[in-house]
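J.: The structure is given below, and queries will be raised subsequently.
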Amino acid sequence: MAERLDTPLEARRRWRWYRQRTKDPDRVGRVSEGVARFLGTPRFVIYLTIFCVAWLGWNTLAPTHLQFDKAALGFTALTLMLSLQASYAAPLILLAQNRQTDRDRVAAEQDRQRAERNLADTEYLARELAALRMAMNDLATRDYVRSELRGLLEDIVEERDARIRELELELAAMAERRRVERDHGDGSLEAPPTMGA
């Protein structure tokens, strides 16, 4: 009640019905779109044709005392009715076109924003992908690690084989020394006989 103290109570009551009916500011636009949509249908053309034929037929074929729009005057009332219909139809069609233009403008703006976001996302992903590729060049790949491990394994096997050969030679030398010691039974270390002597 205390929302508008500067207005008398009677004035607020008088316009309350108007405010209650006009709470939806988009109602006129929706009604104009509905009318414009109907005016563009074949049904409307058929209804208007039936109306005009009935009007002309009644005012031509009916008894003279029942005719309300004389053919001698060029069907003035019919002309006025069609002019009135056209004068209301044109602004309603323009209102509907303006609303459609506004919707198209909003849709185009949303499409433009979506395209900008997609472009920004694509550029970001391209930069991230390039950074990953550069980082991958610094990292060892699976094939590189395998080849390095294979090379290390070959080096270890060669070292092991070389060490085994060395140990076999040492073992053979020790076995030869023991055999020589056994052959000389006295334990003295004489030089073994040479083959050429």
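Labeling convention for the structure tokens: chains A, B, ... as they appear, residues from 1 per chain, ligands from 1 in order of appearance.
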With 12 Å as the cut-off and only C-alpha atoms counted, what is the closest atom pair between each nearby residue of region 70-186 of chain A and region 42-51 of chain A? Distances in Å to one decimal, ordered by chain and number, as a tab-separated table.
T.:
residue	atom	partner	partner_atom	distance
A:Leu78	CA	A:Phe51	CA	9.9
A:Met81	CA	A:Phe51	CA	10.9
A:Leu82	CA	A:Leu48	CA	9.4
A:Gln85	CA	A:Leu48	CA	10.3
A:Ala86	CA	A:Leu48	CA	11.8
J.: With all heavy atoms retained, could you export that selection as a PDB file, in the first residue's frame?
T.:
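Saved file out_26.pdb follows:
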ATOM      1  N   LEU A  78     -17.421  -1.706 -48.654  1.00  0.00           N
ATOM      2  CA  LEU A  78     -16.456  -2.792 -48.825  1.00  0.00           C
ATOM      3  C   LEU A  78     -15.053  -2.239 -49.018  1.00  0.00           C
ATOM      4  O   LEU A  78     -14.074  -2.738 -48.430  1.00  0.00           O
ATOM      5  CB  LEU A  78     -16.852  -3.677 -50.006  1.00  0.00           C
ATOM      6  CG  LEU A  78     -15.893  -4.839 -50.313  1.00  0.00           C
ATOM      7  CD1 LEU A  78     -15.845  -5.808 -49.137  1.00  0.00           C
ATOM      8  CD2 LEU A  78     -16.301  -5.556 -51.578  1.00  0.00           C
ATOM      9  N   MET A  81     -13.848  -1.106 -45.708  1.00  0.00           N
ATOM     10  CA  MET A  81     -13.506  -2.255 -44.845  1.00  0.00           C
ATOM     11  C   MET A  81     -12.150  -2.839 -45.238  1.00  0.00           C
ATOM     12  O   MET A  81     -11.310  -3.132 -44.384  1.00  0.00           O
ATOM     13  CB  MET A  81     -14.581  -3.351 -44.965  1.00  0.00           C
ATOM     14  CG  MET A  81     -15.923  -2.976 -44.422  1.00  0.00           C
ATOM     15  SD  MET A  81     -15.978  -3.019 -42.649  1.00  0.00           S
ATOM     16  CE  MET A  81     -15.923  -4.743 -42.349  1.00  0.00           C
ATOM     17  N   LEU A  82     -11.908  -3.002 -46.547  1.00  0.00           N
ATOM     18  CA  LEU A  82     -10.633  -3.564 -46.987  1.00  0.00           C
ATOM     19  C   LEU A  82      -9.481  -2.595 -46.718  1.00  0.00           C
ATOM     20  O   LEU A  82      -8.379  -3.021 -46.360  1.00  0.00           O
ATOM     21  CB  LEU A  82     -10.708  -3.921 -48.474  1.00  0.00           C
ATOM     22  CG  LEU A  82     -11.648  -5.079 -48.822  1.00  0.00           C
ATOM     23  CD1 LEU A  82     -11.722  -5.263 -50.330  1.00  0.00           C
ATOM     24  CD2 LEU A  82     -11.213  -6.344 -48.125  1.00  0.00           C
ATOM     25  N   GLN A  85      -8.748  -2.914 -43.035  1.00  0.00           N
ATOM     26  CA  GLN A  85      -7.998  -4.154 -42.777  1.00  0.00           C
ATOM     27  C   GLN A  85      -6.551  -3.994 -43.201  1.00  0.00           C
ATOM     28  O   GLN A  85      -5.631  -4.396 -42.488  1.00  0.00           O
ATOM     29  CB  GLN A  85      -8.669  -5.311 -43.519  1.00  0.00           C
ATOM     30  CG  GLN A  85      -8.020  -6.653 -43.332  1.00  0.00           C
ATOM     31  CD  GLN A  85      -6.957  -6.957 -44.383  1.00  0.00           C
ATOM     32  OE1 GLN A  85      -7.002  -6.460 -45.500  1.00  0.00           O
ATOM     33  NE2 GLN A  85      -5.992  -7.758 -43.994  1.00  0.00           N
ATOM     34  N   ALA A  86      -6.304  -3.387 -44.346  1.00  0.00           N
ATOM     35  CA  ALA A  86      -4.928  -3.206 -44.823  1.00  0.00           C
ATOM     36  C   ALA A  86      -4.160  -2.222 -43.946  1.00  0.00           C
ATOM     37  O   ALA A  86      -2.970  -2.404 -43.694  1.00  0.00           O
ATOM     38  CB  ALA A  86      -4.951  -2.713 -46.270  1.00  0.00           C
TER      39      ALA A  86
END
J.: Looking only at the backbone, which of the residues in chain A does DSSP tag as alpha helix (DSSP H), as JSON, numbers by chain?
T.: {"A": [9, 10, 11, 12, 13, 14, 16, 17, 18, 19, 20, 21, 27, 28, 29, 30, 31, 32, 33, 34, 35, 36, 37, 38, 39, 42, 43, 44, 45, 46, 47, 48, 49, 50, 51, 52, 53, 54, 55, 56, 57, 58, 59, 60, 61, 76, 77, 78, 79, 80, 81, 82, 83, 84, 85, 86, 87, 88, 89, 90, 91, 92, 93, 94, 95, 96, 97, 98, 99, 100, 101, 102, 103, 104, 105, 106, 107, 108, 109, 110, 111, 112, 113, 114, 115, 116, 117, 118, 119, 120, 121, 122, 123, 124, 125, 126, 127, 128, 129, 130, 131, 132, 133, 134, 135, 136, 137, 138, 142, 143, 144, 145, 146, 147, 148, 149, 150, 151, 152, 153, 154, 155, 156, 157, 158, 159, 160, 161, 162, 163, 164, 165, 166, 167, 168, 169, 170, 171, 172, 173, 174, 175, 176, 177, 178, 179, 180, 181, 182, 183]}
